[in-house]
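Participant: Submitted below is the structure of interest, expressed as structure tokens.
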Amino acid sequence: MTATTSRLRSAAIVAGSGLVGAMLGVGGASLALWHDEVTLTGAIGDGYEYFAAGDPGSPVPAPSGSVAATVGSAEATTLVQDGELAVVFQTDSLSQGNKGLAYELTAPDWGAGVLGSADVEIYWVDSPESCSPDLAAPAPPATVSGLTSTPVSAGYSDTTTPVTEFWCLVATLDGLPGEGEYENEASVTALDPDQSEVSDSDTWNADVLSDIDPADEPDHSITFSYETFRPGETP
């Protein structure tokens with residue numbers, strides 16, 4: 001009897017996993033099943049966690065706990081051409097049962113290239129349209145602090161709809177190292193045939209270009225890492 005009950009419960013859990021995956025439109029690899037048994041009461045809690053991050057409309061699932069989004073030569077080229085850059089990232093978070101979910105963004109070392117020469121900020125925005133160098137960063141909700149968000153509380157939930165949030169990378173560039181203008185003046189003094197002193201001068205200038213090429217900009221990874229937590233725990 002005990003073995004039969006265990007097999008039935010396992011079958012129900014597997015079937016539930018496929019159902020949630022279908023409703024989310026993602027493969028089973030992007031869902032992490034958790035199964036907890038509280039021995040004092042015998043109650044069993046079954047639920048699912050899901051986290052994805054990346055481009056708006058197509059974030060990449062992170063079944064291993066983290067996923068990276070990259071900016072590189074294409075973004076560096078835009079930054080050099082326009083003097084400013086705005087890139088939007090999307091996160092989707094879901095955690096069923098009595099487990100909350102929190103995640104954190106980790107910015108890379110921007111190096112000594114184009115992005116390393118720019119002023120770069122990353123912050124939460126309420127919509128993709130709010131991500132612009134010309135707009136002030138909106139006030140984040142209480143669940144967001146710096147580059148950390150707790151979109152799912154540890155209160156019980158059986159929803160199959162992820163919480164979607166957006167983040168904005170804004171960069172501005174006043175100029176690359178080594179850029180500038182060069183100007184010089186030359187004067188000459190001599191005696192004319194009458195032995196009178198004559199003089200003349202001339203000036204010239206040129207634009208000095210930086211040797212930093214945006215096409216050589218390496219990929220920079222912005223890491224999104226998530227974790228789940230139980231009621232009473234601090235994420």
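Labeling convention for the structure tokens: chains A, B, ... as they appear, residues from 1 per chain, ligands from 1 in order of appearance.
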List the spatial neighbours of Gln81 of chain A as a ChimeraX atom specification - criterion: any atom at most 10 Å away, only C-alpha atoms, same-chain residues fewer than 4 positions off excluded.
Facilitator: /A:75-77,85,173,214
Participant: Identify, on the basis of only C-alpha atoms, every residue whose closest approach to Gly65 of chain A does not exceed 7 Å; exclude the query and any residue fewer than 6 positions from it along the same chain; express the result as a PDB file with all heavy atoms, in the first residue's frame.
Facilitator:
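Once everything was written out, this is selection21.pdb:
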ATOM      1  N   SER A 225      21.591  36.306 -10.991  1.00  0.00           N
ATOM      2  CA  SER A 225      21.611  35.112 -10.133  1.00  0.00           C
ATOM      3  C   SER A 225      20.410  35.137  -9.192  1.00  0.00           C
ATOM      4  O   SER A 225      20.110  36.169  -8.591  1.00  0.00           O
ATOM      5  CB  SER A 225      22.907  35.060  -9.309  1.00  0.00           C
ATOM      6  OG  SER A 225      24.041  35.094 -10.149  1.00  0.00           O
ATOM      7  N   TYR A 226      19.734  33.997  -9.077  1.00  0.00           N
ATOM      8  CA  TYR A 226      18.550  33.958  -8.215  1.00  0.00           C
ATOM      9  C   TYR A 226      18.669  32.869  -7.156  1.00  0.00           C
ATOM     10  O   TYR A 226      19.471  31.938  -7.279  1.00  0.00           O
ATOM     11  CB  TYR A 226      17.284  33.752  -9.057  1.00  0.00           C
ATOM     12  CG  TYR A 226      16.951  32.306  -9.363  1.00  0.00           C
ATOM     13  CD1 TYR A 226      16.076  31.576  -8.553  1.00  0.00           C
ATOM     14  CD2 TYR A 226      17.512  31.656 -10.465  1.00  0.00           C
ATOM     15  CE1 TYR A 226      15.773  30.260  -8.829  1.00  0.00           C
ATOM     16  CE2 TYR A 226      17.208  30.341 -10.751  1.00  0.00           C
ATOM     17  CZ  TYR A 226      16.337  29.632  -9.933  1.00  0.00           C
ATOM     18  OH  TYR A 226      16.041  28.329 -10.204  1.00  0.00           O
ATOM     19  N   GLU A 227      17.834  33.004  -6.130  1.00  0.00           N
ATOM     20  CA  GLU A 227      17.729  31.994  -5.088  1.00  0.00           C
ATOM     21  C   GLU A 227      16.312  32.010  -4.552  1.00  0.00           C
ATOM     22  O   GLU A 227      15.588  33.006  -4.680  1.00  0.00           O
ATOM     23  CB  GLU A 227      18.718  32.266  -3.949  1.00  0.00           C
ATOM     24  CG  GLU A 227      18.465  33.577  -3.223  1.00  0.00           C
ATOM     25  CD  GLU A 227      19.424  33.793  -2.061  1.00  0.00           C
ATOM     26  OE1 GLU A 227      20.115  32.829  -1.690  1.00  0.00           O
ATOM     27  OE2 GLU A 227      19.456  34.905  -1.520  1.00  0.00           O
TER      28      GLU A 227
END
Participant: Env of Asp55 of chain A: 9 Å cut, atoms = only C-alpha atoms, seq-sep filter 5 positions within chain, self excluded. Answer as a PDB file with N, CA, C and O atoms, in the first residue's frame.
Facilitator:
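File part_23.pdb, as written:
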ATOM      1  N   VAL A  60      16.290  34.313 -21.254  1.00  0.00           N
ATOM      2  CA  VAL A  60      16.835  32.954 -21.253  1.00  0.00           C
ATOM      3  C   VAL A  60      16.658  32.323 -19.873  1.00  0.00           C
ATOM      4  O   VAL A  60      17.037  32.928 -18.860  1.00  0.00           O
ATOM      5  N   ALA A  69      23.603  38.117 -19.517  1.00  0.00           N
ATOM      6  CA  ALA A  69      23.291  38.888 -20.719  1.00  0.00           C
ATOM      7  C   ALA A  69      24.542  39.683 -21.064  1.00  0.00           C
ATOM      8  O   ALA A  69      25.265  40.147 -20.171  1.00  0.00           O
ATOM      9  N   VAL A  87      20.137  50.079 -23.085  1.00  0.00           N
ATOM     10  CA  VAL A  87      19.855  48.669 -23.335  1.00  0.00           C
ATOM     11  C   VAL A  87      18.910  48.164 -22.243  1.00  0.00           C
ATOM     12  O   VAL A  87      19.161  48.375 -21.051  1.00  0.00           O
ATOM     13  N   VAL A  88      17.828  47.489 -22.652  1.00  0.00           N
ATOM     14  CA  VAL A  88      16.828  46.983 -21.707  1.00  0.00           C
ATOM     15  C   VAL A  88      17.019  45.486 -21.503  1.00  0.00           C
ATOM     16  O   VAL A  88      17.274  44.741 -22.451  1.00  0.00           O
ATOM     17  N   PHE A  89      16.867  45.036 -20.258  1.00  0.00           N
ATOM     18  CA  PHE A  89      16.878  43.624 -19.926  1.00  0.00           C
ATOM     19  C   PHE A  89      15.553  43.267 -19.235  1.00  0.00           C
ATOM     20  O   PHE A  89      14.988  44.088 -18.515  1.00  0.00           O
ATOM     21  N   GLN A  90      15.084  42.063 -19.465  1.00  0.00           N
ATOM     22  CA  GLN A  90      13.844  41.583 -18.846  1.00  0.00           C
ATOM     23  C   GLN A  90      14.125  40.398 -17.944  1.00  0.00           C
ATOM     24  O   GLN A  90      14.969  39.549 -18.256  1.00  0.00           O
ATOM     25  N   THR A  91      13.435  40.327 -16.814  1.00  0.00           N
ATOM     26  CA  THR A  91      13.499  39.154 -15.945  1.00  0.00           C
ATOM     27  C   THR A  91      12.084  38.617 -15.735  1.00  0.00           C
ATOM     28  O   THR A  91      11.125  39.387 -15.634  1.00  0.00           O
TER      29      THR A  91
END
Participant: Find the spatial neighbours of Asp219 of chain A, counting only C-alpha atoms, within a cut-off of 10 Å - ignore same-chain residues fewer than 3 positions away - and output them as a list in words.
Facilitator: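 Within the cut-off, the hits are Ala69, Thr70, Val71, Gly72, Ser73, Ala74, Glu75, Ala76, Pro108, Trp110, Asp216 and Ile222 of chain A.
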Participant: Could you name the residues that touch segment 125-129 of chain A at 9 Å or less, counting only C-alpha atoms, but leaving out those on the same chain fewer than 3 positions away, as a ChimeraX atom specification?
Facilitator: /A:56,87-90,132,137-140,165-168
Participant: Restricting it to N, CA, C and O atoms, dump the selection as a CSV table (one decimal), in the first residue's frame.
Facilitator:
chain,number,residue,atom,x,y,z
A,56,PRO,N,14.3,41.7,-23.9
A,56,PRO,CA,12.8,41.8,-23.7
A,56,PRO,C,12.1,40.9,-24.7
A,56,PRO,O,12.4,40.9,-25.9
A,87,VAL,N,20.1,50.1,-23.1
A,87,VAL,CA,19.9,48.7,-23.3
A,87,VAL,C,18.9,48.2,-22.2
A,87,VAL,O,19.2,48.4,-21.1
A,88,VAL,N,17.8,47.5,-22.7
A,88,VAL,CA,16.8,47.0,-21.7
A,88,VAL,C,17.0,45.5,-21.5
A,88,VAL,O,17.3,44.7,-22.5
A,89,PHE,N,16.9,45.0,-20.3
A,89,PHE,CA,16.9,43.6,-19.9
A,89,PHE,C,15.6,43.3,-19.2
A,89,PHE,O,15.0,44.1,-18.5
A,90,GLN,N,15.1,42.1,-19.5
A,90,GLN,CA,13.8,41.6,-18.8
A,90,GLN,C,14.1,40.4,-17.9
A,90,GLN,O,15.0,39.5,-18.3
A,132,SER,N,16.0,55.2,-21.0
A,132,SER,CA,16.5,56.2,-22.0
A,132,SER,C,17.5,57.1,-21.3
A,132,SER,O,17.3,57.4,-20.1
A,137,ALA,N,15.9,58.0,-13.8
A,137,ALA,CA,15.6,56.7,-13.4
A,137,ALA,C,14.3,56.7,-12.5
A,137,ALA,O,14.2,57.5,-11.6
A,138,PRO,N,13.3,55.9,-12.7
A,138,PRO,CA,12.1,55.9,-11.9
A,138,PRO,C,12.3,55.4,-10.5
A,138,PRO,O,13.3,54.6,-10.3
A,139,ALA,N,11.5,55.8,-9.6
A,139,ALA,CA,11.6,55.3,-8.2
A,139,ALA,C,11.2,53.8,-8.2
A,139,ALA,O,10.2,53.4,-8.7
A,140,PRO,N,12.1,52.9,-7.7
A,140,PRO,CA,11.8,51.5,-7.7
A,140,PRO,C,10.8,51.1,-6.6
A,140,PRO,O,10.6,51.9,-5.6
A,165,GLU,N,9.9,41.9,-14.7
A,165,GLU,CA,10.6,43.2,-14.4
A,165,GLU,C,11.6,43.6,-15.5
A,165,GLU,O,12.0,42.7,-16.3
A,166,PHE,N,11.9,44.9,-15.5
A,166,PHE,CA,12.8,45.4,-16.5
A,166,PHE,C,14.0,46.1,-15.9
A,166,PHE,O,13.8,46.8,-14.8
A,167,TRP,N,15.1,46.1,-16.5
A,167,TRP,CA,16.3,46.8,-16.0
A,167,TRP,C,16.9,47.5,-17.2
A,167,TRP,O,16.8,47.1,-18.3
A,168,CYS,N,17.6,48.6,-16.9
A,168,CYS,CA,18.1,49.5,-17.9
A,168,CYS,C,19.6,49.8,-17.7
A,168,CYS,O,20.0,50.1,-16.6
Participant: Of the candidates A:Gly155, A:Gly175, A:Gly57, A:Pro63, which shows the shortest atom-to-atom distance to Glu84 of chain A, using only C-alpha atoms?
Facilitator: A:Gly175
Participant: So what do you get for atom CA of Thr150 of chain A versus atom CA of His220 of chain A, distance-wise?
Facilitator: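 The value is 24.8 Å.
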Participant: Could you tell me, as an NGL selection string, which residues of segment 36-172 of chain A DSSP assigns to helix (DSSP H, G or I) when given the backbone?
Facilitator: :A and (73-82 or 115-117 or 128-130)
Participant: For Pro231 of chain A, which residue among A:Leu105, A:Thr189, A:Gly97, A:Ala142 is the nearest when counting only C-alpha atoms?
Facilitator: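 Closest candidate: A:Gly97.
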Participant: What's the 10 Å shell around Ser145 of chain A, counting only C-alpha atoms, without same-chain residues fewer than 6 positions away, as JSON, numbers by chain?
Facilitator: {"A": [104, 123, 124]}
Participant: Write a file of the just-selected residues containing C-alpha atoms, as a short mmCIF file (atom, residue, chain, number, x, y, z; two decimals), in the first residue's frame.
Facilitator:
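result14.cif, freshly written:
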data_model
loop_
_atom_site.label_atom_id
_atom_site.label_comp_id
_atom_site.auth_asym_id
_atom_site.auth_seq_id
_atom_site.Cartn_x
_atom_site.Cartn_y
_atom_site.Cartn_z
CA GLU A 104 20.66 40.01 -8.07
CA TYR A 123 18.86 50.44 -12.66
CA TRP A 124 15.29 49.10 -12.41
#
Participant: Ranking A:Ser221, A:Lys99, A:Ile212, A:Leu94 by minimum distance to Val67 of chain A and counting only C-alpha atoms, which one comes first?
Facilitator: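 Checking each of A:Ser221, A:Lys99, A:Ile212, A:Leu94 against Val67 of chain A, counting only C-alpha atoms, the winner is A:Ser221.
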Participant: Give the answer as one residue: which of A:Gly232, A:Gly146, A:Pro218, A:Pro151 has the shortest atom-to-atom distance to Asn98 of chain A, using only C-alpha atoms?
Facilitator: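 Of A:Gly232, A:Gly146, A:Pro218, A:Pro151, the one nearest Asn98 of chain A, counting only C-alpha atoms, is A:Gly232.
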Participant: In Å, with one decimal, what is the gap from atom CA of Val170 of chain A to atom CA of Ala86 of chain A?
Facilitator: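 So the two atoms, atom CA of Val170 of chain A and atom CA of Ala86 of chain A, lie 4.6 Å apart.
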